[in-house]
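Novice: Structure file work-v2.tsv (TSV, C-alpha atoms) is given on the next line.
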chain	number	residue	atom	x	y	z
J	19	MET	CA	182.88	165.03	164.23
J	20	LYS	CA	183.29	166.67	160.84
J	21	GLU	CA	181.13	169.64	159.98
J	22	LYS	CA	180.43	171.51	156.78
J	23	ILE	CA	181.05	175.23	156.97
J	24	THR	CA	180.35	177.63	154.13
J	25	LEU	CA	182.63	180.62	153.76
J	26	VAL	CA	182.47	183.51	151.33
J	27	VAL	CA	185.77	185.27	150.72
J	28	SER	CA	185.95	188.01	148.11
J	29	GLY	CA	182.72	186.80	146.57
J	30	VAL	CA	183.98	183.22	146.31
J	31	LYS	CA	181.78	180.72	148.11
J	32	ILE	CA	183.46	177.60	149.45
J	33	THR	CA	182.25	174.78	151.66
J	34	VAL	CA	184.85	173.41	154.03
J	35	VAL	CA	184.56	170.04	155.76
J	36	THR	CA	186.49	170.16	159.01
J	37	GLU	CA	186.79	168.77	162.50
J	38	ASN	CA	187.86	172.18	163.75
J	39	ASP	CA	185.55	174.44	165.71
J	40	PRO	CA	183.20	176.16	163.22
J	41	GLU	CA	183.82	179.57	164.82
J	42	TYR	CA	187.56	179.09	164.41
J	43	VAL	CA	187.16	178.29	160.71
J	44	LYS	CA	184.85	181.28	160.24
J	45	SER	CA	187.44	183.50	161.95
J	46	LEU	CA	190.04	182.27	159.45
J	47	GLY	CA	187.66	183.22	156.65
J	48	ARG	CA	187.19	186.69	158.14
J	49	LEU	CA	190.96	187.12	158.50
J	50	LEU	CA	191.51	186.11	154.88
J	51	GLU	CA	188.73	188.45	153.73
J	52	LYS	CA	190.37	191.34	155.59
J	53	ARG	CA	193.82	190.62	154.17
J	54	VAL	CA	192.43	190.36	150.63
J	55	SER	CA	190.45	193.58	151.06
J	56	ASP	CA	193.51	195.38	152.41
J	57	LEU	CA	195.58	194.25	149.40
J	58	VAL	CA	192.92	195.28	146.90
J	59	ILE	CA	192.42	198.65	148.56
J	60	SER	CA	196.15	199.40	148.83
J	61	SER	CA	196.87	198.53	145.20
J	62	THR	CA	195.11	199.97	142.21
J	63	SER	CA	196.25	197.09	140.01
J	64	CYS	CA	195.56	194.09	142.28
J	65	SER	CA	192.40	192.11	141.55
J	66	LYS	CA	190.65	189.99	144.18
J	67	ASN	CA	191.97	186.81	142.59
J	68	GLU	CA	195.51	188.15	142.57
J	69	ALA	CA	195.09	189.21	146.20
J	70	LEU	CA	193.89	185.71	147.11
J	71	LEU	CA	196.96	184.21	145.43
J	72	LEU	CA	199.28	186.67	147.17
J	73	CYS	CA	197.70	185.77	150.53
J	74	ALA	CA	198.17	182.07	149.81
J	75	LEU	CA	201.83	182.63	148.90
J	76	ASP	CA	202.34	184.76	152.01
J	77	TYR	CA	200.80	182.11	154.27
J	78	LEU	CA	202.86	179.34	152.67
J	79	ASP	CA	206.03	181.39	153.06
J	80	GLU	CA	205.21	182.05	156.71
J	81	ARG	CA	204.41	178.36	157.28
J	82	ASN	CA	207.65	177.18	155.68
J	83	LYS	CA	209.74	179.63	157.70
J	84	LEU	CA	208.03	178.56	160.93
J	85	MET	CA	208.54	174.88	160.10
J	86	LYS	CA	212.25	175.52	159.46
J	87	GLU	CA	212.54	177.47	162.71
J	88	ASN	CA	210.75	174.67	164.55
J	89	GLU	CA	213.19	172.08	163.17
J	90	GLU	CA	216.16	174.24	164.14
J	91	LEU	CA	214.80	174.61	167.67
J	92	LYS	CA	214.26	170.84	167.90
J	93	GLU	CA	217.87	170.30	166.85
J	94	GLN	CA	219.09	172.79	169.45
J	95	LEU	CA	216.99	171.11	172.11
J	96	ALA	CA	218.33	167.69	171.17
J	97	LYS	CA	221.90	168.99	171.54
J	98	LEU	CA	221.11	170.25	175.04
J	99	LYS	CA	219.90	166.82	176.20
Rewrite the structure of this file - the entire thing - as structure tokens.
Specialist:
Amino acid sequence: MKEKITLVVSGVKITVVTENDPEYVKSLGRLLEKRVSDLVISSTSCSKNEALLLCALDYLDERNKLMKENEELKEQLAKLK
């Protein structure tokens, strides 16, 4: 069943509709908040919005690399069969 969950990350309030466990989604919000805060604190010139964009780019990069690795592993597995 889908649930509405409200998150606030870097002062931005967003309502997410998801079938995932609400606590899991909240933990993602907390993780994002921490990563944004760490970026803002470590850089004197990085705004919260810029930090959010950098986090999004980082997550997309990580996702794409993992998807490529997954495909390569599937190909290797298929060769072993």
Novice: Fewer than 5 positions away in the same chain doesn't count, so skip those; otherwise give me all residues within 12 Å of Val30 of chain J, counting only C-alpha atoms, as a list of chain:residue names.
Specialist: J:Thr24, J:Leu25, J:Gly47, J:Leu50, J:Glu51, J:Val54, J:Lys66, J:Asn67, J:Leu70
Novice: If I take atom CA of Glu41 of chain J and atom CA of Val27 of chain J, how far is one from the other in Å, to one decimal?
Specialist: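 Distance between the two atoms: 15.3 Å.
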Novice: Expressed in Å to a single decimal, how great is the separation between atom CA of Lys44 of chain J and atom CA of Val26 of chain J?
Specialist: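 Between atom CA of Lys44 of chain J and atom CA of Val26 of chain J the gap works out to 9.5 Å.
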Novice: In Å to one decimal, how far is atom CA of Glu68 of chain J from atom CA of Ser55 of chain J?
Specialist: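 That distance, rounded to one decimal, is 11.3 Å.
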Novice: Counting only C-alpha atoms, find the residues whose atoms lie at most 10 Å from (184.4, 161.9, 161.7) (file coordinates) and write them out as a VMD selection string.
Specialist: chain J and resid 19 to 21 36 to 37
Novice: Please define a box with edges along x, y and z of the file around all atoms of segment 88-96 of chain J given in the file, extend it by 5 Å on each side, and return its centre and edge lengths in Å to one decimal, as lines of an AutoDock Vina configuration file.
Specialist:
center_x = 214.9
center_y = 171.2
center_z = 167.6
size_x = 18.3
size_y = 17.0
size_z = 18.9
Novice: Using all atoms listed in the file, can you tell me which of J:Asn82, J:Ser60, J:Lys22, J:Leu71 comes closest to Asp39 of chain J?
Specialist: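 Counting all atoms listed in the file, the residue closest to Asp39 of chain J is J:Lys22.
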Novice: Under the rule that all atoms listed in the file are counted, which of J:Asp56, J:Glu90, J:Ala74, J:Ile23 is the nearest residue to Pro40 of chain J?
Specialist: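 Of the candidates, the smallest distance to Pro40 of chain J is held by J:Ile23.
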Novice: Go through J:Thr33, J:Ser65, J:Ser28, J:Asn38 and flag the residue nearest Lys52 of chain J, using only C-alpha atoms for the distances.
Specialist: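 Among the listed residues, the smallest separation from Lys52 of chain J belongs to J:Ser28.
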Novice: Using all atoms listed in the file, can you tell me which of J:Val35, J:Lys92, J:Lys83, J:Ala69 comes closest to Arg53 of chain J?
Specialist: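 When distances to Arg53 of chain J are compared using all atoms listed in the file, the smallest one comes from J:Ala69.
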